[in-house]
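S.K.: Provided below: coords-v3.cif, containing mmCIF, N, CA and C atoms.
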data_run
#
loop_
_atom_site.group_PDB
_atom_site.id
_atom_site.type_symbol
_atom_site.label_atom_id
_atom_site.label_comp_id
_atom_site.auth_asym_id
_atom_site.auth_seq_id
_atom_site.Cartn_x
_atom_site.Cartn_y
_atom_site.Cartn_z
ATOM 1 N N MET N 1 -11.346 104.646 23.488
ATOM 2 C CA MET N 1 -10.819 104.203 24.756
ATOM 3 C C MET N 1 -11.968 104.171 25.753
ATOM 4 N N LEU N 2 -12.066 103.097 26.515
ATOM 5 C CA LEU N 2 -13.065 102.934 27.563
ATOM 6 C C LEU N 2 -12.390 103.134 28.903
ATOM 7 N N LEU N 3 -12.944 104.031 29.719
ATOM 8 C CA LEU N 3 -12.391 104.315 31.042
ATOM 9 C C LEU N 3 -13.483 104.033 32.057
ATOM 10 N N VAL N 4 -13.258 103.058 32.934
ATOM 11 C CA VAL N 4 -14.263 102.639 33.906
ATOM 12 C C VAL N 4 -13.672 102.720 35.303
ATOM 13 N N PRO N 5 -14.312 103.467 36.230
ATOM 14 C CA PRO N 5 -13.782 103.492 37.595
ATOM 15 C C PRO N 5 -14.000 102.161 38.293
ATOM 16 N N VAL N 6 -12.961 101.652 38.944
ATOM 17 C CA VAL N 6 -13.037 100.398 39.693
ATOM 18 C C VAL N 6 -12.390 100.667 41.042
ATOM 19 N N GLY N 7 -13.181 101.060 42.027
ATOM 20 C CA GLY N 7 -12.608 101.410 43.323
ATOM 21 C C GLY N 7 -11.610 102.531 43.150
ATOM 22 N N PRO N 8 -10.414 102.417 43.746
ATOM 23 C CA PRO N 8 -9.419 103.476 43.637
ATOM 24 C C PRO N 8 -8.624 103.419 42.336
ATOM 25 N N THR N 9 -8.944 102.502 41.435
ATOM 26 C CA THR N 9 -8.206 102.384 40.177
ATOM 27 C C THR N 9 -9.128 102.635 38.995
ATOM 28 N N MET N 10 -8.526 102.840 37.830
ATOM 29 C CA MET N 10 -9.265 103.021 36.590
ATOM 30 C C MET N 10 -8.892 101.889 35.642
ATOM 31 N N PHE N 11 -9.891 101.356 34.941
ATOM 32 C CA PHE N 11 -9.684 100.305 33.953
ATOM 33 C C PHE N 11 -9.815 100.936 32.578
ATOM 34 N N GLU N 12 -8.832 100.711 31.722
ATOM 35 C CA GLU N 12 -8.866 101.236 30.370
ATOM 36 C C GLU N 12 -8.689 100.096 29.372
ATOM 37 N N THR N 13 -9.522 100.088 28.332
ATOM 38 C CA THR N 13 -9.323 99.201 27.200
ATOM 39 C C THR N 13 -8.638 100.032 26.128
ATOM 40 N N LEU N 14 -7.469 99.596 25.695
ATOM 41 C CA LEU N 14 -6.620 100.368 24.789
ATOM 42 C C LEU N 14 -6.170 99.527 23.609
ATOM 43 N N ASN N 15 -5.443 100.163 22.732
ATOM 44 C CA ASN N 15 -4.748 99.475 21.653
ATOM 45 C C ASN N 15 -3.527 100.325 21.316
ATOM 46 N N ASP N 16 -2.731 100.651 22.349
ATOM 47 C CA ASP N 16 -1.590 101.554 22.216
ATOM 48 C C ASP N 16 -0.312 100.790 21.896
ATOM 49 N N ALA N 17 0.394 101.255 20.860
ATOM 50 C CA ALA N 17 1.719 100.701 20.569
ATOM 51 C C ALA N 17 2.667 101.131 21.685
ATOM 52 N N ILE N 18 3.500 100.201 22.150
ATOM 53 C CA ILE N 18 4.449 100.492 23.228
ATOM 54 C C ILE N 18 5.817 99.914 22.887
ATOM 55 N N ASP N 19 6.841 100.471 23.518
ATOM 56 C CA ASP N 19 8.194 99.932 23.427
ATOM 57 C C ASP N 19 8.400 99.030 24.635
ATOM 58 N N VAL N 20 8.878 97.811 24.396
ATOM 59 C CA VAL N 20 9.052 96.839 25.471
ATOM 60 C C VAL N 20 10.469 96.303 25.450
ATOM 61 N N LEU N 21 11.101 96.292 26.626
ATOM 62 C CA LEU N 21 12.367 95.596 26.801
ATOM 63 C C LEU N 21 12.000 94.174 27.186
ATOM 64 N N SER N 22 12.443 93.213 26.390
ATOM 65 C CA SER N 22 12.066 91.817 26.638
ATOM 66 C C SER N 22 13.247 90.903 26.409
ATOM 67 N N VAL N 23 13.112 89.691 26.941
ATOM 68 C CA VAL N 23 14.118 88.658 26.793
ATOM 69 C C VAL N 23 13.515 87.543 25.949
ATOM 70 N N PHE N 24 14.247 87.114 24.937
ATOM 71 C CA PHE N 24 13.818 85.993 24.108
ATOM 72 C C PHE N 24 14.668 84.787 24.459
ATOM 73 N N THR N 25 14.012 83.693 24.864
ATOM 74 C CA THR N 25 14.705 82.459 25.225
ATOM 75 C C THR N 25 14.149 81.322 24.384
ATOM 76 N N ALA N 26 14.680 80.144 24.582
ATOM 77 C CA ALA N 26 14.176 78.973 23.858
ATOM 78 C C ALA N 26 12.716 78.680 24.205
ATOM 79 N N SER N 27 12.285 79.086 25.400
ATOM 80 C CA SER N 27 10.899 78.810 25.805
ATOM 81 C C SER N 27 9.936 79.930 25.428
ATOM 82 N N GLY N 28 10.438 81.039 24.887
ATOM 83 C CA GLY N 28 9.546 82.115 24.453
ATOM 84 C C GLY N 28 10.060 83.491 24.804
ATOM 85 N N VAL N 29 9.139 84.438 24.846
ATOM 86 C CA VAL N 29 9.468 85.832 25.112
ATOM 87 C C VAL N 29 8.981 86.207 26.515
ATOM 88 N N GLU N 30 9.739 87.071 27.189
ATOM 89 C CA GLU N 30 9.402 87.503 28.550
ATOM 90 C C GLU N 30 9.569 89.023 28.625
ATOM 91 N N PRO N 31 8.487 89.784 28.834
ATOM 92 C CA PRO N 31 8.615 91.232 28.967
ATOM 93 C C PRO N 31 9.229 91.607 30.317
ATOM 94 N N ILE N 32 10.081 92.645 30.323
ATOM 95 C CA ILE N 32 10.768 93.075 31.542
ATOM 96 C C ILE N 32 10.298 94.473 31.972
ATOM 97 N N ARG N 33 10.215 95.385 31.010
ATOM 98 C CA ARG N 33 9.676 96.717 31.286
ATOM 99 C C ARG N 33 9.191 97.324 29.976
ATOM 100 N N PHE N 34 8.363 98.369 30.097
ATOM 101 C CA PHE N 34 7.831 99.001 28.900
ATOM 102 C C PHE N 34 7.600 100.484 29.134
ATOM 103 N N ARG N 35 7.510 101.234 28.023
ATOM 104 C CA ARG N 35 7.257 102.671 28.065
ATOM 105 C C ARG N 35 5.866 102.914 27.494
ATOM 106 N N TRP N 36 5.043 103.642 28.275
ATOM 107 C CA TRP N 36 3.690 103.992 27.853
ATOM 108 C C TRP N 36 3.398 105.413 28.304
ATOM 109 N N ARG N 37 2.958 106.247 27.365
ATOM 110 C CA ARG N 37 2.621 107.643 27.645
ATOM 111 C C ARG N 37 3.764 108.390 28.334
ATOM 112 N N GLY N 38 4.996 108.112 27.865
ATOM 113 C CA GLY N 38 6.166 108.806 28.376
ATOM 114 C C GLY N 38 6.707 108.311 29.696
ATOM 115 N N ARG N 39 6.111 107.259 30.241
ATOM 116 C CA ARG N 39 6.557 106.734 31.540
ATOM 117 C C ARG N 39 7.045 105.300 31.375
ATOM 118 N N VAL N 40 8.104 104.934 32.110
ATOM 119 C CA VAL N 40 8.629 103.570 32.071
ATOM 120 C C VAL N 40 8.026 102.782 33.235
ATOM 121 N N TYR N 41 7.504 101.590 32.921
ATOM 122 C CA TYR N 41 6.916 100.693 33.924
ATOM 123 C C TYR N 41 7.792 99.453 34.034
ATOM 124 N N ARG N 42 8.248 99.159 35.253
ATOM 125 C CA ARG N 42 9.060 97.968 35.503
ATOM 126 C C ARG N 42 8.131 96.832 35.916
ATOM 127 N N ILE N 43 8.192 95.728 35.187
ATOM 128 C CA ILE N 43 7.345 94.564 35.454
ATOM 129 C C ILE N 43 7.953 93.767 36.605
ATOM 130 N N VAL N 44 7.161 93.548 37.643
ATOM 131 C CA VAL N 44 7.641 92.772 38.780
ATOM 132 C C VAL N 44 7.099 91.349 38.756
ATOM 133 N N LYS N 45 6.023 91.117 37.992
ATOM 134 C CA LYS N 45 5.452 89.774 37.930
ATOM 135 C C LYS N 45 4.632 89.600 36.647
ATOM 136 N N VAL N 46 4.868 88.476 35.973
ATOM 137 C CA VAL N 46 3.988 88.060 34.873
ATOM 138 C C VAL N 46 2.986 87.111 35.508
ATOM 139 N N SER N 47 1.748 87.579 35.670
ATOM 140 C CA SER N 47 0.741 86.795 36.392
ATOM 141 C C SER N 47 -0.093 85.904 35.497
ATOM 142 N N GLY N 48 0.049 86.049 34.200
ATOM 143 C CA GLY N 48 -0.678 85.189 33.280
ATOM 144 C C GLY N 48 -0.121 85.311 31.880
ATOM 145 N N ARG N 49 -0.274 84.253 31.121
ATOM 146 C CA ARG N 49 0.136 84.277 29.711
ATOM 147 C C ARG N 49 -0.751 83.323 28.935
ATOM 148 N N TRP N 50 -1.102 83.728 27.732
ATOM 149 C CA TRP N 50 -1.926 82.899 26.860
ATOM 150 C C TRP N 50 -1.652 83.301 25.414
ATOM 151 N N HIS N 51 -2.107 82.466 24.507
ATOM 152 C CA HIS N 51 -1.882 82.686 23.069
ATOM 153 C C HIS N 51 -3.231 82.725 22.365
ATOM 154 N N ARG N 52 -3.267 83.495 21.277
ATOM 155 C CA ARG N 52 -4.474 83.575 20.462
ATOM 156 C C ARG N 52 -4.061 83.587 19.000
ATOM 157 N N ARG N 53 -4.681 82.715 18.237
ATOM 158 C CA ARG N 53 -4.395 82.641 16.810
ATOM 159 C C ARG N 53 -5.149 83.747 16.096
ATOM 160 N N GLU N 54 -4.436 84.451 15.200
ATOM 161 C CA GLU N 54 -5.038 85.477 14.357
ATOM 162 C C GLU N 54 -4.555 85.222 12.937
ATOM 163 N N GLY N 55 -5.421 84.660 12.115
ATOM 164 C CA GLY N 55 -5.007 84.257 10.772
ATOM 165 C C GLY N 55 -3.943 83.183 10.877
ATOM 166 N N THR N 56 -2.804 83.433 10.237
ATOM 167 C CA THR N 56 -1.706 82.468 10.304
ATOM 168 C C THR N 56 -0.736 82.778 11.442
ATOM 169 N N GLY N 57 -0.972 83.889 12.144
ATOM 170 C CA GLY N 57 -0.067 84.295 13.214
ATOM 171 C C GLY N 57 -0.560 83.879 14.590
ATOM 172 N N LEU N 58 0.365 83.867 15.523
ATOM 173 C CA LEU N 58 0.063 83.530 16.901
ATOM 174 C C LEU N 58 0.430 84.727 17.775
ATOM 175 N N LEU N 59 -0.565 85.332 18.426
ATOM 176 C CA LEU N 59 -0.341 86.470 19.306
ATOM 177 C C LEU N 59 -0.060 85.966 20.712
ATOM 178 N N HIS N 60 0.890 86.591 21.373
ATOM 179 C CA HIS N 60 1.296 86.207 22.721
ATOM 180 C C HIS N 60 0.802 87.284 23.691
ATOM 181 N N HIS N 61 -0.064 86.915 24.624
ATOM 182 C CA HIS N 61 -0.638 87.852 25.589
ATOM 183 C C HIS N 61 -0.031 87.618 26.970
ATOM 184 N N PHE N 62 0.158 88.728 27.695
ATOM 185 C CA PHE N 62 0.738 88.678 29.036
ATOM 186 C C PHE N 62 -0.064 89.572 29.962
ATOM 187 N N SER N 63 -0.412 89.061 31.118
ATOM 188 C CA SER N 63 -0.961 89.861 32.195
ATOM 189 C C SER N 63 0.203 90.139 33.129
ATOM 190 N N VAL N 64 0.489 91.441 33.356
ATOM 191 C CA VAL N 64 1.669 91.790 34.144
ATOM 192 C C VAL N 64 1.305 92.742 35.271
ATOM 193 N N GLU N 65 2.092 92.664 36.342
ATOM 194 C CA GLU N 65 1.976 93.570 37.469
ATOM 195 C C GLU N 65 3.262 94.376 37.548
ATOM 196 N N CYS N 66 3.114 95.670 37.793
ATOM 197 C CA CYS N 66 4.273 96.556 37.808
ATOM 198 C C CYS N 66 4.512 97.130 39.199
ATOM 199 N N ALA N 67 5.727 97.622 39.393
ATOM 200 C CA ALA N 67 6.051 98.312 40.639
ATOM 201 C C ALA N 67 5.048 99.448 40.800
ATOM 202 N N GLY N 68 4.508 99.601 41.987
ATOM 203 C CA GLY N 68 3.505 100.627 42.223
ATOM 204 C C GLY N 68 2.090 100.084 42.228
ATOM 205 N N GLY N 69 1.929 98.804 41.850
ATOM 206 C CA GLY N 69 0.623 98.162 41.935
ATOM 207 C C GLY N 69 -0.240 98.210 40.692
ATOM 208 N N ASP N 70 0.191 98.874 39.623
ATOM 209 C CA ASP N 70 -0.600 98.897 38.397
ATOM 210 C C ASP N 70 -0.492 97.559 37.667
ATOM 211 N N SER N 71 -1.575 97.182 36.971
ATOM 212 C CA SER N 71 -1.608 95.931 36.203
ATOM 213 C C SER N 71 -1.950 96.242 34.753
ATOM 214 N N PHE N 72 -1.383 95.431 33.848
ATOM 215 C CA PHE N 72 -1.563 95.668 32.421
ATOM 216 C C PHE N 72 -1.697 94.352 31.675
ATOM 217 N N GLU N 73 -2.286 94.436 30.496
ATOM 218 C CA GLU N 73 -2.295 93.314 29.562
ATOM 219 C C GLU N 73 -1.516 93.761 28.335
ATOM 220 N N LEU N 74 -0.459 93.016 28.015
ATOM 221 C CA LEU N 74 0.384 93.303 26.864
ATOM 222 C C LEU N 74 0.195 92.226 25.819
ATOM 223 N N CYS N 75 0.387 92.595 24.558
ATOM 224 C CA CYS N 75 0.286 91.626 23.460
ATOM 225 C C CYS N 75 1.503 91.775 22.559
ATOM 226 N N TYR N 76 2.131 90.640 22.247
ATOM 227 C CA TYR N 76 3.278 90.617 21.327
ATOM 228 C C TYR N 76 2.865 89.910 20.048
ATOM 229 N N ASP N 77 3.012 90.610 18.925
ATOM 230 C CA ASP N 77 2.736 90.045 17.601
ATOM 231 C C ASP N 77 4.070 89.956 16.868
ATOM 232 N N PRO N 78 4.571 88.735 16.612
ATOM 233 C CA PRO N 78 5.887 88.607 15.984
ATOM 234 C C PRO N 78 5.926 88.929 14.489
ATOM 235 N N ARG N 79 4.794 89.228 13.856
ATOM 236 C CA ARG N 79 4.756 89.470 12.409
ATOM 237 C C ARG N 79 4.088 90.765 12.037
ATOM 238 N N PRO N 80 4.649 91.867 11.921
ATOM 239 C CA PRO N 80 6.023 92.237 12.239
ATOM 240 C C PRO N 80 6.183 92.346 13.744
ATOM 241 N N PRO N 81 7.382 92.331 14.248
ATOM 242 C CA PRO N 81 7.533 92.418 15.697
ATOM 243 C C PRO N 81 6.895 93.713 16.227
ATOM 244 N N ARG N 82 5.873 93.540 17.072
ATOM 245 C CA ARG N 82 5.141 94.700 17.586
ATOM 246 C C ARG N 82 4.520 94.350 18.934
ATOM 247 N N TRP N 83 4.661 95.271 19.882
ATOM 248 C CA TRP N 83 4.034 95.147 21.195
ATOM 249 C C TRP N 83 2.883 96.134 21.289
ATOM 250 N N THR N 84 1.787 95.714 21.937
ATOM 251 C CA THR N 84 0.617 96.569 22.124
ATOM 252 C C THR N 84 0.149 96.456 23.564
ATOM 253 N N LEU N 85 -0.223 97.584 24.142
ATOM 254 C CA LEU N 85 -0.857 97.590 25.453
ATOM 255 C C LEU N 85 -2.363 97.535 25.201
ATOM 256 N N THR N 86 -3.010 96.454 25.657
ATOM 257 C CA THR N 86 -4.430 96.280 25.347
ATOM 258 C C THR N 86 -5.355 96.648 26.503
ATOM 259 N N ARG N 87 -4.890 96.519 27.738
ATOM 260 C CA ARG N 87 -5.703 96.889 28.902
ATOM 261 C C ARG N 87 -4.798 97.404 30.010
ATOM 262 N N ALA N 88 -5.373 98.308 30.823
ATOM 263 C CA ALA N 88 -4.619 98.862 31.949
ATOM 264 C C ALA N 88 -5.536 99.036 33.138
ATOM 265 N N TRP N 89 -5.032 98.659 34.307
ATOM 266 C CA TRP N 89 -5.687 98.919 35.584
ATOM 267 C C TRP N 89 -4.707 99.773 36.367
ATOM 268 N N VAL N 90 -4.938 101.075 36.381
ATOM 269 C CA VAL N 90 -3.964 101.996 36.982
ATOM 270 C C VAL N 90 -4.626 102.829 38.077
ATOM 271 N N GLY N 91 -3.801 103.282 39.026
ATOM 272 C CA GLY N 91 -4.293 104.132 40.104
ATOM 273 C C GLY N 91 -4.900 105.406 39.544
ATOM 274 N N ALA N 92 -5.994 105.842 40.133
ATOM 275 C CA ALA N 92 -6.676 107.052 39.662
ATOM 276 C C ALA N 92 -5.792 108.264 39.887
ATOM 277 N N ALA N 93 -5.836 109.159 38.925
ATOM 278 C CA ALA N 93 -5.007 110.373 39.013
ATOM 279 C C ALA N 93 -5.710 111.454 39.807
#
Rewrite the coordinates I just gave you, this time as C-alpha cells.
M.R.:
Amino acid sequence: MLLVPVGPTMFETLNDAIDVLSVFTASGVEPIRFRWRGRVYRIVKVSGRWHRREGTGLLHHFSVECAGGDSFELCYDPRPPRWTLTRAWVGAA
C-alpha cells in the first residue's frame, strides 16, 4: 500500500476487496454505496467512468465522491462478480 500526503488528505493505492450496493440497468452498473475497513461510504457523485480490457474480460472503473468529501476509485470485474477499491483520497486521521 502506498500512502502519500496530499495537503489535508491522504492518497492510497490499494487493491482491497469491498462490498458494494449497486444498481444494474440496461445501460450498465451504478455503484450506490460500499463498505471498506468496517465503514459504509455513501456515494453522492460518480465523477468519472471508464473501461479497461483485461484478457477476455472488461473491467468497469468508477471515480466516485462520497459524503464527507472523500474520493475513491472503484473497479467492477463481472467475471466472477467482484468489486475492488483501487485508490482512495481520504481526510487525514
S.K.: Using the chain letters and numbers from the file, give me the residues hit by the PyMOL selection byres ((chain N and resi 84-90) around 5), as a PyMOL selection string.
M.R.: chain N and resi 9-18+70-75+82-83+91-92
S.K.: Using all atoms listed in the file, can you list as number ranges by chain the residues within 5 Å of (2.7, 88.1, 37.8)?
M.R.: N: 45-48, 65
S.K.: Kindly indicate which residue among N:Leu58, N:Ala26, N:Cys66, N:Val20 lies nearest to Tyr41 (chain N), using all atoms listed in the file for the distances.
M.R.: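 Distance minimum relative to Tyr41 (chain N) lands on N:Cys66.
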S.K.: Just want the 6.5 Å neighbourhood of Ile32 (chain N), counted on all atoms listed in the file, with same-chain residues fewer than 2 positions away dropped. Output as JSON, numbers by chain.
M.R.: {"N": [20, 21, 22, 23, 30, 34, 41, 42, 43]}
S.K.: Can you measure CA of Val40 (chain N) to CA of Ala67 (chain N) for me? One decimal in Å is fine.
M.R.: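 Pair CA of Val40 (chain N) / CA of Ala67 (chain N) returns 10.4 Å.
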S.K.: Name the closest residue to Arg35 (chain N) among the candidates N:Val64, N:Asp19, N:Gly69, N:Trp50; distances are taken between atoms, counting all atoms listed in the file.
M.R.: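 Closest candidate: N:Asp19.
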S.K.: Work out how far apart CA of Pro81 (chain N) and CA of Leu59 (chain N) are and give it in Å to one decimal.
M.R.: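 Between CA of Pro81 (chain N) and CA of Leu59 (chain N) the gap is 10.5 Å.
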S.K.: Let me make sure I understand: among N:Gly38, N:Gly68, N:Gly28, N:Pro80, which one has the smallest atom-to-atom distance to His51 (chain N) if we use only C-alpha atoms?
M.R.: N:Gly28
S.K.: What separation in Å, quoted to one decimal, exists between CA of Asp77 (chain N) and CA of Arg37 (chain N)?
M.R.: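 The value is 20.3 Å.
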S.K.: Could you give me the centre and size, in Å to one decimal, of an axis-aligned box around all listed atoms of region 83-92 of chain N with 3 Å added on every side, as lines of an AutoDock Vina configuration file?
M.R.:
center_x = -1.0
center_y = 101.7
center_z = 30.0
size_x = 17.3
size_y = 19.1
size_z = 26.3
S.K.: How would you write, as a PyMOL selection string, the set of residues in region 42-72 of chain N that DSSP gives as strand (DSSP E)?
M.R.: chain N and resi 42-54+57-66+71-72
